[in-house]
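Structure record follows, encoded as structure tokens.
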Amino acid sequence: MENGQLKMENINVREIYEKYGALLKGHFLLSSGKHSEYYLQSARVLEYPEVAEKLAKELAKEIKKAGVEVDTICSPAIGGLLAGYELARALGVRFIFTERVKGEMTLRRGFEVKEGEKVLICEDIITTGGSAMEAAREIEKRGGEIVGFAAIANRGVCKRVNGKTNRKNECKLPENKPFFALEDFEFEVYNPEECPMCKMGACGPIKPGSRGN
């Protein structure tokens, strides 16, 4: 696996994240407000088009296998854009995205959703699913039907189709909609007042995601 070239036989997503320096270790502030010693920076993996394409094709296989009918993929900007676009390409469907306008997830740029259009929400990583749900509500408000959720990686809070992790109380995705992902990454997360890194006097947490630096 060099210069973005990736053989997908017996795909190991965790190994891919490690190879591309996308599995970070340190002291991180998550979008949920909690702290963690580990952070997944999917942009480091998806910056290689060949890798992004092949990961999306693997994800598309899972969705097709489940028999989920999809008309359109929608991703919350900015983190989900590459994963969502490649998934749409793999499924042969349309791609749109939502973005924050004054803090509200909004569908703009001339994108439209037809009444009853079957939309799957795709992120690069899903932790609690908060941003995915904001996008889903915007699509439903415009008449679309949410048929499921997808991500390259699952932080282990929500339960994916064929996954081994159990659903946690913090998961915001609906239990009656399928969630597809290629790998579960279960890391300990802490409330700020319970964070062992903070108690040890470590430097303040950093936020390397799309809403941080």
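Residue numbering restarts at 1 for every chain of the structure tokens, chains are lettered A, B, ... in their displayed order, and ligands are numbered from 1 as they appear.
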Find the residues of range 115-210 of chain A that sit at most 7 Å from range 27-41 of chain A; for each, write down the nearest two atoms and how far apart they are in Å, to one decimal. Count only C-alpha atoms. Sort by chain, then by number going up, and give it as JSON lines.
{"residue": "A:Phe187", "atom": "CA", "partner": "A:Tyr38", "partner_atom": "CA", "distance": 6.8}
{"residue": "A:Glu188", "atom": "CA", "partner": "A:Ser36", "partner_atom": "CA", "distance": 6.3}
{"residue": "A:Val189", "atom": "CA", "partner": "A:Ser36", "partner_atom": "CA", "distance": 4.7}
{"residue": "A:Tyr190", "atom": "CA", "partner": "A:His35", "partner_atom": "CA", "distance": 5.1}
{"residue": "A:Asn191", "atom": "CA", "partner": "A:Lys34", "partner_atom": "CA", "distance": 4.9}
{"residue": "A:Pro192", "atom": "CA", "partner": "A:Lys34", "partner_atom": "CA", "distance": 6.0}
{"residue": "A:Cys195", "atom": "CA", "partner": "A:His35", "partner_atom": "CA", "distance": 6.5}
{"residue": "A:Met197", "atom": "CA", "partner": "A:His27", "partner_atom": "CA", "distance": 6.8}
{"residue": "A:Pro205", "atom": "CA", "partner": "A:Phe28", "partner_atom": "CA", "distance": 4.5}
{"residue": "A:Ile206", "atom": "CA", "partner": "A:Phe28", "partner_atom": "CA", "distance": 4.8}
{"residue": "A:Lys207", "atom": "CA", "partner": "A:Leu29", "partner_atom": "CA", "distance": 5.0}
Skipping near chain neighbours, those fewer than 2 positions away, what residues fall within 8 Å of Arg14 in chain A using only C-alpha atoms, listed as a PDB file with all heavy atoms, in the first residue's frame?
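Result went into out.pdb, see below:
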ATOM      1  N   ASN A  12      -8.655  -4.453   5.599  1.00  0.00           N
ATOM      2  CA  ASN A  12      -8.523  -4.191   7.024  1.00  0.00           C
ATOM      3  C   ASN A  12      -8.516  -2.673   7.197  1.00  0.00           C
ATOM      4  O   ASN A  12      -7.501  -2.018   6.983  1.00  0.00           O
ATOM      5  CB  ASN A  12      -7.235  -4.808   7.572  1.00  0.00           C
ATOM      6  CG  ASN A  12      -7.135  -4.685   9.087  1.00  0.00           C
ATOM      7  OD1 ASN A  12      -7.474  -3.657   9.660  1.00  0.00           O
ATOM      8  ND2 ASN A  12      -6.670  -5.741   9.726  1.00  0.00           N
ATOM      9  N   ILE A  16      -5.544   0.351   7.397  1.00  0.00           N
ATOM     10  CA  ILE A  16      -5.483   1.456   6.442  1.00  0.00           C
ATOM     11  C   ILE A  16      -5.351   2.783   7.177  1.00  0.00           C
ATOM     12  O   ILE A  16      -4.534   3.639   6.825  1.00  0.00           O
ATOM     13  CB  ILE A  16      -6.739   1.458   5.547  1.00  0.00           C
ATOM     14  CG1 ILE A  16      -6.739   0.234   4.633  1.00  0.00           C
ATOM     15  CG2 ILE A  16      -6.810   2.739   4.708  1.00  0.00           C
ATOM     16  CD1 ILE A  16      -8.048  -0.012   3.939  1.00  0.00           C
ATOM     17  N   TYR A  17      -6.147   2.976   8.236  1.00  0.00           N
ATOM     18  CA  TYR A  17      -6.068   4.218   9.023  1.00  0.00           C
ATOM     19  C   TYR A  17      -4.686   4.375   9.651  1.00  0.00           C
ATOM     20  O   TYR A  17      -4.129   5.484   9.690  1.00  0.00           O
ATOM     21  CB  TYR A  17      -7.153   4.233  10.090  1.00  0.00           C
ATOM     22  CG  TYR A  17      -8.456   4.839   9.606  1.00  0.00           C
ATOM     23  CD1 TYR A  17      -9.285   4.142   8.733  1.00  0.00           C
ATOM     24  CD2 TYR A  17      -8.849   6.110   9.999  1.00  0.00           C
ATOM     25  CE1 TYR A  17     -10.466   4.690   8.273  1.00  0.00           C
ATOM     26  CE2 TYR A  17     -10.024   6.677   9.545  1.00  0.00           C
ATOM     27  CZ  TYR A  17     -10.837   5.964   8.684  1.00  0.00           C
ATOM     28  OH  TYR A  17     -11.992   6.528   8.219  1.00  0.00           O
ATOM     29  N   GLU A  18      -4.123   3.299  10.132  1.00  0.00           N
ATOM     30  CA  GLU A  18      -2.793   3.362  10.738  1.00  0.00           C
ATOM     31  C   GLU A  18      -1.724   3.675   9.691  1.00  0.00           C
ATOM     32  O   GLU A  18      -0.824   4.484   9.922  1.00  0.00           O
ATOM     33  CB  GLU A  18      -2.489   2.043  11.449  1.00  0.00           C
ATOM     34  CG  GLU A  18      -3.340   1.820  12.702  1.00  0.00           C
ATOM     35  CD  GLU A  18      -3.140   0.452  13.321  1.00  0.00           C
ATOM     36  OE1 GLU A  18      -2.532  -0.420  12.644  1.00  0.00           O
ATOM     37  OE2 GLU A  18      -3.594   0.242  14.456  1.00  0.00           O
ATOM     38  N   GLU A 183     -15.963  -0.514   9.666  1.00  0.00           N
ATOM     39  CA  GLU A 183     -15.175  -0.924  10.829  1.00  0.00           C
ATOM     40  C   GLU A 183     -15.665  -0.215  12.076  1.00  0.00           C
ATOM     41  O   GLU A 183     -16.149   0.915  12.009  1.00  0.00           O
ATOM     42  CB  GLU A 183     -13.694  -0.596  10.595  1.00  0.00           C
ATOM     43  CG  GLU A 183     -12.746  -1.008  11.709  1.00  0.00           C
ATOM     44  CD  GLU A 183     -12.669  -2.502  11.908  1.00  0.00           C
ATOM     45  OE1 GLU A 183     -11.867  -3.163  11.230  1.00  0.00           O
ATOM     46  OE2 GLU A 183     -13.438  -2.996  12.753  1.00  0.00           O
ATOM     47  N   PHE A 185     -14.462   1.332  15.623  1.00  0.00           N
ATOM     48  CA  PHE A 185     -13.313   1.810  16.399  1.00  0.00           C
ATOM     49  C   PHE A 185     -13.837   2.217  17.775  1.00  0.00           C
ATOM     50  O   PHE A 185     -14.388   3.304  17.928  1.00  0.00           O
ATOM     51  CB  PHE A 185     -12.658   3.011  15.731  1.00  0.00           C
ATOM     52  CG  PHE A 185     -11.932   2.700  14.457  1.00  0.00           C
ATOM     53  CD1 PHE A 185     -12.621   2.608  13.249  1.00  0.00           C
ATOM     54  CD2 PHE A 185     -10.561   2.512  14.445  1.00  0.00           C
ATOM     55  CE1 PHE A 185     -11.956   2.337  12.061  1.00  0.00           C
ATOM     56  CE2 PHE A 185      -9.882   2.235  13.259  1.00  0.00           C
ATOM     57  CZ  PHE A 185     -10.576   2.148  12.066  1.00  0.00           C
TER      58      PHE A 185
END
Problem set entry | Residues within 12 Å of Ser131 in chain A, only C-alpha atoms, excluding chain neighbours under 4 positions, as a PyMOL selection string | chain A and resi 31-32+74-80+97-100+103-106+121-127+135-138+149+171-173+210-211
Generate the output file for the selected residues, N, CA and C atoms, as a short mmCIF file (atom, residue, chain, number, x, y, z; two decimals), in the first residue's frame.
data_model
loop_
_atom_site.label_atom_id
_atom_site.label_comp_id
_atom_site.auth_asym_id
_atom_site.auth_seq_id
_atom_site.Cartn_x
_atom_site.Cartn_y
_atom_site.Cartn_z
N SER A 31 -16.52 16.41 18.94
CA SER A 31 -17.63 17.33 18.67
C SER A 31 -18.74 17.19 19.69
N SER A 32 -18.78 16.06 20.40
CA SER A 32 -19.77 15.85 21.46
C SER A 32 -19.43 16.62 22.73
N CYS A 74 -26.70 11.98 0.68
CA CYS A 74 -26.52 13.33 1.23
C CYS A 74 -25.50 13.27 2.35
N SER A 75 -24.54 14.20 2.34
CA SER A 75 -23.53 14.26 3.39
C SER A 75 -23.53 15.62 4.06
N PRO A 76 -23.31 15.65 5.37
CA PRO A 76 -23.11 16.93 6.04
C PRO A 76 -21.71 17.44 5.73
N ALA A 77 -21.60 18.70 5.31
CA ALA A 77 -20.29 19.28 5.05
C ALA A 77 -19.62 19.63 6.39
N ILE A 78 -18.37 19.48 6.45
CA ILE A 78 -17.45 19.27 5.33
C ILE A 78 -16.88 17.85 5.39
N GLY A 79 -16.90 17.28 6.62
CA GLY A 79 -16.25 15.99 6.83
C GLY A 79 -16.75 14.86 5.96
N GLY A 80 -18.05 14.85 5.65
CA GLY A 80 -18.62 13.72 4.93
C GLY A 80 -18.58 13.83 3.42
N PHE A 97 -25.28 17.78 -0.60
CA PHE A 97 -24.77 17.95 0.75
C PHE A 97 -25.45 19.10 1.47
N THR A 98 -25.46 19.01 2.78
CA THR A 98 -25.95 20.08 3.63
C THR A 98 -24.74 20.79 4.22
N GLU A 99 -24.94 22.03 4.64
CA GLU A 99 -23.86 22.79 5.27
C GLU A 99 -24.46 23.72 6.32
N ARG A 100 -23.62 24.14 7.25
CA ARG A 100 -24.10 25.00 8.33
C ARG A 100 -24.21 26.46 7.87
N GLY A 103 -25.04 28.24 12.05
CA GLY A 103 -25.16 27.14 13.00
C GLY A 103 -26.20 26.10 12.68
N GLU A 104 -27.01 26.33 11.65
CA GLU A 104 -28.09 25.40 11.28
C GLU A 104 -27.71 24.62 10.03
N MET A 105 -27.88 23.29 10.08
CA MET A 105 -27.60 22.45 8.91
C MET A 105 -28.65 22.72 7.84
N THR A 106 -28.19 23.14 6.66
CA THR A 106 -29.10 23.65 5.64
C THR A 106 -28.76 23.07 4.27
N ILE A 121 -27.95 9.08 4.30
CA ILE A 121 -27.01 10.06 4.85
C ILE A 121 -25.65 9.39 5.05
N CYS A 122 -24.60 10.01 4.51
CA CYS A 122 -23.26 9.43 4.60
C CYS A 122 -22.26 10.39 5.23
N GLU A 123 -21.51 9.90 6.21
CA GLU A 123 -20.42 10.63 6.85
C GLU A 123 -19.11 9.89 6.62
N ASP A 124 -17.98 10.54 6.93
CA ASP A 124 -16.72 9.81 6.94
C ASP A 124 -16.64 8.95 8.20
N ILE A 125 -17.03 9.55 9.34
CA ILE A 125 -17.05 8.85 10.62
C ILE A 125 -18.34 9.21 11.33
N ILE A 126 -18.95 8.25 11.98
CA ILE A 126 -20.10 8.54 12.83
C ILE A 126 -19.74 8.18 14.26
N THR A 127 -19.92 9.15 15.15
CA THR A 127 -19.73 8.91 16.59
C THR A 127 -21.10 8.76 17.21
N ALA A 135 -28.65 16.64 9.30
CA ALA A 135 -28.83 16.56 7.85
C ALA A 135 -30.11 15.81 7.51
N ALA A 136 -30.37 14.73 8.23
CA ALA A 136 -31.57 13.93 7.98
C ALA A 136 -32.85 14.76 8.20
N ARG A 137 -32.86 15.54 9.26
CA ARG A 137 -34.06 16.36 9.53
C ARG A 137 -34.27 17.41 8.44
N GLU A 138 -33.18 17.95 7.91
CA GLU A 138 -33.29 18.92 6.82
C GLU A 138 -33.87 18.25 5.57
N PHE A 149 -28.23 5.20 7.06
CA PHE A 149 -27.05 6.01 7.34
C PHE A 149 -25.81 5.18 7.02
N CYS A 171 -26.12 7.30 21.37
CA CYS A 171 -26.37 7.21 19.94
C CYS A 171 -27.65 7.96 19.58
N LYS A 172 -27.55 8.83 18.57
CA LYS A 172 -28.69 9.63 18.14
C LYS A 172 -29.35 9.10 16.87
N LEU A 173 -28.75 8.10 16.24
CA LEU A 173 -29.37 7.54 15.03
C LEU A 173 -30.61 6.75 15.42
N SER A 210 -13.29 18.81 11.40
CA SER A 210 -13.70 19.83 10.44
C SER A 210 -14.28 21.06 11.10
N ARG A 211 -14.74 20.95 12.36
CA ARG A 211 -15.26 22.11 13.04
C ARG A 211 -14.24 22.72 14.00
#
For this session: Can you work out which one of A:Leu82, A:Met133, A:Ile63, A:Ile152 has the shortest atom-to-atom distance to Tyr48 in chain A, counting only C-alpha atoms?
Result: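 For Tyr48 in chain A, the nearest of the given residues is A:Leu82.
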For this session: If you run DSSP over the backbone, which residues in range 19-193 of chain A end up alpha helix (DSSP H)? Put them as number ranges by chain.
Result: A: 19, 43-46, 49-65, 81-91, 130-141
For this session: Identify all residues of range 65-105 of chain A in strand (DSSP E or B) (DSSP on the backbone) and supply them as number ranges by chain.
Result: A: 72-76, 94-101, 104-105
Just want the 9 Å neighbourhood of Val147 in chain A, counted on only C-alpha atoms, with same-chain residues fewer than 5 positions away dropped. Output as a short mmCIF file (atom, residue, chain, number, x, y, z; two decimals) with all heavy atoms, in the first residue's frame.
data_model
loop_
_atom_site.label_atom_id
_atom_site.label_comp_id
_atom_site.auth_asym_id
_atom_site.auth_seq_id
_atom_site.Cartn_x
_atom_site.Cartn_y
_atom_site.Cartn_z
N VAL A 68 -31.21 -2.18 0.35
CA VAL A 68 -31.71 -0.83 0.60
C VAL A 68 -31.75 -0.05 -0.71
O VAL A 68 -30.73 0.06 -1.41
CB VAL A 68 -30.82 -0.09 1.63
CG1 VAL A 68 -31.30 1.34 1.82
CG2 VAL A 68 -30.83 -0.83 2.96
N GLU A 69 -32.90 0.48 -1.04
CA GLU A 69 -33.07 1.26 -2.27
C GLU A 69 -32.69 2.70 -2.00
O GLU A 69 -33.22 3.34 -1.08
CB GLU A 69 -34.51 1.17 -2.75
CG GLU A 69 -34.77 1.86 -4.08
CD GLU A 69 -36.21 1.75 -4.52
OE1 GLU A 69 -36.92 0.87 -4.02
OE2 GLU A 69 -36.62 2.56 -5.39
N VAL A 70 -31.77 3.24 -2.79
CA VAL A 70 -31.26 4.60 -2.58
C VAL A 70 -31.36 5.40 -3.88
O VAL A 70 -30.93 4.94 -4.94
CB VAL A 70 -29.78 4.57 -2.13
CG1 VAL A 70 -29.26 5.99 -1.91
CG2 VAL A 70 -29.61 3.74 -0.86
N LYS A 118 -35.69 8.79 -1.90
CA LYS A 118 -35.03 7.92 -0.91
C LYS A 118 -33.57 8.36 -0.73
O LYS A 118 -32.76 8.20 -1.64
CB LYS A 118 -35.11 6.46 -1.34
CG LYS A 118 -36.55 5.95 -1.48
CD LYS A 118 -36.59 4.50 -1.88
CE LYS A 118 -38.01 4.05 -2.15
NZ LYS A 118 -38.89 4.22 -0.99
N VAL A 119 -33.29 8.89 0.45
CA VAL A 119 -31.98 9.50 0.71
C VAL A 119 -31.26 8.74 1.82
O VAL A 119 -31.83 8.42 2.86
CB VAL A 119 -32.14 10.98 1.11
CG1 VAL A 119 -30.77 11.61 1.37
CG2 VAL A 119 -32.89 11.76 0.03
N LEU A 120 -29.98 8.45 1.57
CA LEU A 120 -29.12 7.84 2.58
C LEU A 120 -28.09 8.88 3.01
O LEU A 120 -27.44 9.50 2.17
CB LEU A 120 -28.43 6.59 2.02
CG LEU A 120 -27.62 5.78 3.05
CD1 LEU A 120 -27.78 4.29 2.81
CD2 LEU A 120 -26.13 6.15 2.96
N ILE A 121 -27.95 9.08 4.30
CA ILE A 121 -27.01 10.06 4.85
C ILE A 121 -25.65 9.39 5.05
O ILE A 121 -25.56 8.34 5.68
CB ILE A 121 -27.50 10.61 6.20
CG1 ILE A 121 -28.92 11.19 6.07
CG2 ILE A 121 -26.53 11.66 6.74
CD1 ILE A 121 -29.04 12.39 5.19
N LYS A 177 -33.64 2.49 11.44
CA LYS A 177 -32.99 2.73 10.15
C LYS A 177 -31.62 2.05 10.16
O LYS A 177 -30.89 2.13 11.16
CB LYS A 177 -32.80 4.23 9.89
CG LYS A 177 -34.07 5.05 9.90
CD LYS A 177 -34.93 4.76 8.69
CE LYS A 177 -36.16 5.68 8.69
NZ LYS A 177 -37.05 5.41 7.54
N PRO A 178 -31.23 1.37 9.09
CA PRO A 178 -29.92 0.69 9.08
C PRO A 178 -28.76 1.67 9.06
O PRO A 178 -28.85 2.74 8.45
CB PRO A 178 -29.97 -0.14 7.79
CG PRO A 178 -30.92 0.60 6.90
CD PRO A 178 -31.96 1.18 7.81
#
For this session: May I ask for the distance between CA of Glu115 in chain A and CA of Lys102 in chain A, given in Å to one decimal place?
Result: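 Going from CA of Glu115 in chain A over to CA of Lys102 in chain A, I get 26.3 Å.
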Problem set entry | Computed interatomic separation between CA of Ser42 in chain A and CA of Ala22 in chain A (Å) |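 Atom-to-atom, CA of Ser42 in chain A to CA of Ala22 in chain A, that is 5.9 Å.
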Residue neighbourhood Glu170 in chain A, 10 Å, only C-alpha atoms, exclusion window fewer than 6 positions, as a PDB file with C-alpha atoms, in the first residue's frame:
ATOM      1  CA  SER A  32     -19.767  15.848  21.460  1.00  0.00           C
ATOM      2  CA  THR A 127     -19.726   8.906  16.586  1.00  0.00           C
ATOM      3  CA  THR A 128     -23.103   9.763  18.119  1.00  0.00           C
ATOM      4  CA  GLY A 129     -24.647  10.618  14.750  1.00  0.00           C
ATOM      5  CA  GLY A 130     -25.551  14.170  15.730  1.00  0.00           C
ATOM      6  CA  VAL A 157     -21.449   4.452  19.936  1.00  0.00           C
ATOM      7  CA  CYS A 158     -24.044   3.353  17.387  1.00  0.00           C
TER       8      CYS A 158
END
